[in-house]
Amino acid sequence: MERHAVRRLCWATVLAAALVVGTVALPSYGGGAGGERQGPLRTVAAVQKQKALEARPHVDPPGTPPHVHNDPKTKNLVSRAGETGKDVRDPSTFVSRAVARSTVATQRRMKDPALTHVRATPKRLKRPQNRYAMANGCYGLGGQKIFFKPTDLGQYLLYTTDRQLLVHGGKVATPSDATIWTARQRKHGFSFSSAGKPLVLGGKTTFRLKRTRGCTAYPEAGVDISGKPHAGVTSYQEVRGYVDAHTHGMAFEFLGGSAHCGKPWDRFGAPYALVDCPDHTITGGYGGILEDALSGKTHHDPVGWPTFKDWPAPDSLTHEGTYYKWLERSWRGGQRIFVNLLVENNQLCKLYPLKRNSCDDMDSIRLQARDMYKMQDYIDAQFGGPGKGFYRIVKTPFEAREVINAGKMAVVMGIETSVPFGCSMKLDVPTCSIADIDRQLDEVRRLGVRQMELVNKFDNALAGVAGDTGEVGALVNAANFLETGSFWDMRHCEPADGESHDRNQVAAPGINAEQQDALFGAVAQLGLPTIALPLYPQPNHCNSRGLTTLGEHTIKALAQRHMIFDPDHMSVKARASALDTIDELGYHGVVSSHSWATPDAYPRIYEEGGFITPYAGDSAGFVDKWRKHVGWADPRYYWGIGYGADMNGLGAQGNPRGASVANPVTYPFKGIEGVTVKRQTAGARTWDINTDGVAQYGLYPDWIEDLTKVAGATSAADARNIEDDIARGAEAYLQMWERAEGIKPDSCRNPSLRQQVSKVQRLIHPGMSTRAVMKAVGQPYTRLGRAFGFCAKEKGHRSVRMTVTFSPAGKVLSLNRGR
């Protein structure tokens, strides 16, 4: 009881300190006459006038959406947002859904690409060929058997059979800078130095290393998947593999860097990466204010490695879920595209009392981008040298295809933050300009960013947000006030279906006041100044704020830079305008990554040639979403589906169905292309998808197997179909990305794009690259091995199949017709 009071006092103090800043009522973001907002500072200075002009909203239909990440009632919905307006609805019909399902069925029957298998790690030779090759190997060194654990490229911990670490003059049990040895290749072997001093053993400083047995392996998490990773027979063929378009692998840096516990790698390995936050540890698991608020629990065991009693778990949202070995397991289980979103929320960062990083959104994004490259280097070190690791940051779909066909995982960098490019609103005046957006877009593109959302939790100078509900919504709405000077402008709406609206707010008349007191009551008890949330009208509620001119410019600027636009988290009003802009541009680079859009938008995204990855959630809920999305597929484009895990983004993961269900996952099972998947281990812990759910990222191959069990309860065909569609997800993402690069859709599914045979023959000539061929005649209908298949036409518009054959290096050898 005493600990509970302390936690309430901590929250009350933090929140009160923040909320006292804004006790004066400020105007909301409601539209003024003629659709323009009438801000009080519109005349203060020429620069502010210009910014206000650039941020003026569109005049378009009303709308809006929401979701609570850790609410099990909403995490499996087709949409976790809302919609409104009698003209805002799912535009598909019985006939269009039937056509879509038939088209998808036809695509599933097409010939699959030939695949091969590659080694997960380079072959270990009797003697290491370079200074990186000792990674995680056992070698004789100075008469001892030493396990070489990389800390970075060319640097190692030298781990002895008695579980000690070599240092100058002896051994120690705990790793430190003094235990890190830099390897250098010499004419007759290798030398090692630490702190500038050479390693001396037996009077020698150069050593002829030789592979041996009997070492004690350094502590590390298991992968527990056997079998070689699948790859393509050429670098440019159709790919197979899973795609997660929404996860936060660098979230250990966000919210000031102290709210998230653990990290995806540490130079000293799992025992140091997978640890709890200091404030959780020193209180014995009672100090996790944010963890308790999100999980609904009042205590957790703070010990991570090696016991992992309480975390990671599906509802433990502040603990690390994407440790690199867990990510490796997902790759070994078939994942081939991983979209890592750089994330921040400056106001929630300021509210949290502990921090070591800047709370500025863009500072955090830059930091996390640098971390991604550091992690890539670390994984390379574990796999034997630069470029050897499975984690490959890519910047084009062509590069991604090569990576996947080499058997590795393409990592795409994205952004999801509340104040991108400093584009907030202060007293109804934007804090950025078009020039600011363009300059910083160029900057993040140079960093490697290729996918982006415009909003997250707050209204900003680009668009309005969907909003959150309940007590979480009240907190976020208060933070929205601190950031912008206004609360969400949620207005009463009456959607045609009675449920397509934004999240209803707890501060509305008729809502139990105790819901608000639970969050703010302690503040009042302290006698500190507080701020009341607005009295919203009766539900249902819809955010009146839509897309601004700055937002429209940002979408166009993304398209100009061939970057992928994600409309998730926008209000329906803003998203409808955004998709109108996409349609006007004829742009295909659109992804809805984690079910923060709405049923009115999903068919439009598919019609634009976009790609959708519904929020993963529980396996049963995802199967329902998959069935719905199949009915929205557009016949003009390649079909496949992925998932948005939202791990580390305060998004709850899939719960277990239980070991007693009629159709549990049975271990071991066969995964994609024949790999054998066993229960995963780390330290003393073993996870089982049936009883643990998606406790951490390594369990996504198990979750996919569970999808087939759930779908198979309806029919064996459904089990095969969802497995096929998920495996085709990586190819569907790549084809969307190719179209974003300016490659036209394939001419077989799109007859209007067919060119005359004679013209195709003039356009394609020996020596052209695969990319040049696509630039000339569009995406191929088939890309099997060394052949691309296209459609052309002759007089009378008769369709003719054309086949381009390439060399192993991807250069045109011949063009033939009728094959």
# chains A, B, ... in the order shown; residues from 1 in each chain; ligands from 1
>>> closest_atom_pairs(of="stretch 718-765 of chain A", to="stretch 314-335 of chain A", cutoff="12 Å", atoms="only C-alpha atoms", output="tab-separated table")
residue	atom	partner	partner_atom	distance
A:Glu723	CA	A:Gly334	CA	11.3
A:Ile726	CA	A:Gln335	CA	9.8
A:Ala727	CA	A:Gly334	CA	8.0
A:Arg728	CA	A:Gln335	CA	10.9
A:Gly729	CA	A:Gln335	CA	9.6
A:Ala730	CA	A:Gln335	CA	8.3
A:Glu731	CA	A:Gln335	CA	11.7
>>> write_last_selection(atoms="all heavy atoms", output="CSV table (one decimal), in the first residue's frame")
chain,number,residue,atom,x,y,z
A,723,GLU,N,-0.2,-18.7,-45.2
A,723,GLU,CA,1.3,-19.0,-45.2
A,723,GLU,C,1.9,-18.4,-46.5
A,723,GLU,O,2.9,-17.8,-46.5
A,723,GLU,CB,1.6,-20.5,-45.1
A,723,GLU,CG,3.0,-20.8,-44.9
A,723,GLU,CD,3.2,-22.3,-44.7
A,723,GLU,OE1,2.4,-23.1,-45.1
A,723,GLU,OE2,4.2,-22.7,-44.0
A,726,ILE,N,1.7,-14.5,-46.5
A,726,ILE,CA,2.8,-13.9,-45.6
A,726,ILE,C,4.2,-14.0,-46.3
A,726,ILE,O,5.0,-13.1,-46.3
A,726,ILE,CB,2.8,-14.5,-44.3
A,726,ILE,CG1,1.5,-14.2,-43.5
A,726,ILE,CG2,4.0,-14.2,-43.5
A,726,ILE,CD1,1.6,-12.9,-42.7
A,727,ALA,N,4.4,-15.2,-46.9
A,727,ALA,CA,5.7,-15.4,-47.5
A,727,ALA,C,5.9,-14.5,-48.8
A,727,ALA,O,7.0,-14.2,-49.2
A,727,ALA,CB,5.9,-16.9,-47.9
A,728,ARG,N,4.8,-14.1,-49.4
A,728,ARG,CA,4.9,-13.2,-50.5
A,728,ARG,C,4.9,-11.7,-50.1
A,728,ARG,O,5.0,-10.8,-51.0
A,728,ARG,CB,3.6,-13.4,-51.4
A,728,ARG,CG,3.6,-14.7,-52.1
A,728,ARG,CD,2.2,-15.1,-52.6
A,728,ARG,NE,1.7,-14.1,-53.5
A,728,ARG,CZ,1.8,-14.1,-54.9
A,728,ARG,NH1,2.5,-15.1,-55.4
A,728,ARG,NH2,1.3,-13.2,-55.6
A,729,GLY,N,4.9,-11.4,-48.8
A,729,GLY,CA,4.9,-10.1,-48.3
A,729,GLY,C,6.1,-9.3,-48.7
A,729,GLY,O,6.0,-8.1,-49.1
A,730,ALA,N,7.3,-9.9,-48.6
A,730,ALA,CA,8.5,-9.1,-48.9
A,730,ALA,C,8.5,-8.7,-50.4
A,730,ALA,O,8.9,-7.6,-50.7
A,730,ALA,CB,9.8,-10.0,-48.6
A,731,GLU,N,8.1,-9.6,-51.3
A,731,GLU,CA,8.0,-9.2,-52.7
A,731,GLU,C,7.0,-8.1,-52.9
A,731,GLU,O,7.3,-7.1,-53.7
A,731,GLU,CB,7.7,-10.4,-53.5
A,731,GLU,CG,7.6,-10.1,-55.0
A,731,GLU,CD,8.9,-9.7,-55.7
A,731,GLU,OE1,9.9,-10.2,-55.2
A,731,GLU,OE2,8.8,-8.9,-56.7
>>> select_by_dssp(residues="stretch 115-202 of chain A", states="strand (DSSP E)", output="ChimeraX atom specification")
/A:115-117,137-141,144-152,155-159,165-167,170-172,180-186,189-194,197-198
>>> select_by_dssp(residues="stretch 382-512 of chain A", states="alpha helix (DSSP H)", output="VMD selection string")
chain A and resid 382 to 383 397 to 405 434 to 447 470 to 484
>>> residues_around(residues="A:Tyr286", least_positions_apart="2", cutoff="10 Å", atoms="only C-alpha atoms", output="list in words")
Arg3, His4, Val6, Arg7, Asp279, His280, Thr281, Ile282, Thr283, Gly284, Gly288, Ile289, Glu291, Asp292, Lys297, Thr298, His299, His300, Asp301 and Pro302 of chain A
>>> write_last_selection(atoms="C-alpha atoms", output="short mmCIF file (atom, residue, chain, number, x, y, z; two decimals), in the first residue's frame")
data_model
loop_
_atom_site.label_atom_id
_atom_site.label_comp_id
_atom_site.auth_asym_id
_atom_site.auth_seq_id
_atom_site.Cartn_x
_atom_site.Cartn_y
_atom_site.Cartn_z
CA ARG A 3 4.65 1.61 -2.41
CA HIS A 4 1.44 2.30 -4.33
CA VAL A 6 4.75 6.50 -3.52
CA ARG A 7 4.11 5.69 -7.18
CA ASP A 279 15.03 2.56 -10.98
CA HIS A 280 13.27 -0.81 -11.35
CA THR A 281 16.22 -2.73 -9.92
CA ILE A 282 16.97 -0.68 -6.83
CA THR A 283 13.31 -0.87 -5.74
CA GLY A 284 13.07 -4.62 -6.29
CA GLY A 288 8.55 0.88 -12.69
CA ILE A 289 6.08 3.76 -12.90
CA GLU A 291 5.77 -0.18 -16.78
CA ASP A 292 3.06 -0.42 -14.11
CA LYS A 297 0.56 -4.59 -12.73
CA THR A 298 2.04 -3.18 -9.54
CA HIS A 299 5.27 -5.17 -9.48
CA HIS A 300 7.58 -7.22 -11.69
CA ASP A 301 10.71 -9.26 -11.14
CA PRO A 302 13.49 -6.90 -12.24
#
>>> atom_distance(atom1="atom CA of A:Thr681", atom2="atom CA of A:Pro386")
27.7 Å
>>> atom_distance(atom1="atom CA of A:Gln164", atom2="atom CA of A:Gln680")
26.6 Å
>>> closest_residue(among="A:Asp266, A:Asp583, A:Asp310, A:Glu416", to="A:Ile379", atoms="only C-alpha atoms")
A:Asp266
>>> closest_residue(among="A:Glu253, A:Asp90, A:Asp706, A:Asp646", to="A:Ala616", atoms="only C-alpha atoms")
A:Asp646
>>> atom_distance(atom1="atom CA of A:Pro150", atom2="atom CA of A:Ile337")
25.5 Å
>>> closest_residue(among="A:Ala381, A:Ala652, A:Ala195, A:Ala732", to="A:Asp618", atoms="only C-alpha atoms")
A:Ala652
>>> residues_around(residues="A:Arg491", least_positions_apart="4", cutoff="7 Å", atoms="only C-alpha atoms", output="list in words")
Pro537, His541, Cys542, Asn543 and Ser544 of chain A
>>> residues_around(residues="A:Val661", least_positions_apart="4", cutoff="12 Å", atoms="only C-alpha atoms", output="PyMOL selection string")
chain A and resi 656-657+665-666+690-691+706+709-710+713
>>> residues_around(residues="stretch 740-742 of chain A", least_positions_apart="2", cutoff="6 Å", atoms="only C-alpha atoms", output="compact mmCIF listing (two decimals) with N, CA, C and O atoms, in the first residue's frame")
# COMPACT_ATOMS: atom_id res chain seq x y z
N HIS A 562 11.35 9.90 -53.56
CA HIS A 562 11.09 8.46 -53.64
C HIS A 562 11.05 7.82 -52.25
O HIS A 562 11.48 6.67 -52.07
N HIS A 588 2.94 5.77 -55.95
CA HIS A 588 2.65 4.44 -55.43
C HIS A 588 3.30 4.15 -54.09
O HIS A 588 3.06 3.08 -53.52
N GLY A 589 4.15 5.04 -53.60
CA GLY A 589 4.91 4.76 -52.39
C GLY A 589 4.12 5.02 -51.12
O GLY A 589 4.38 5.99 -50.40
N TRP A 737 7.80 -0.42 -53.51
CA TRP A 737 8.94 0.48 -53.42
C TRP A 737 9.53 0.77 -54.80
O TRP A 737 9.91 1.90 -55.10
N GLU A 738 9.56 -0.24 -55.66
CA GLU A 738 10.02 -0.01 -57.03
C GLU A 738 9.15 1.02 -57.74
O GLU A 738 9.64 1.91 -58.44
>>> residues_around(residues="A:Tyr378", least_positions_apart="3", cutoff="8 Å", atoms="only C-alpha atoms", output="list in words")
Pro150, Thr151, Asp152, Leu153, Trp265, Arg267, Lys374, Met375, Ala381 and Gln382 of chain A
>>> closest_residue(among="A:Asp162, A:Glu705, A:Thr121, A:Pro91", to="A:Glu607", atoms="only C-alpha atoms")
A:Pro91
>>> closest_residue(among="A:Pro664, A:Gly674, A:Gly818, A:Pro175", to="A:Asp702", atoms="only C-alpha atoms")
A:Pro664
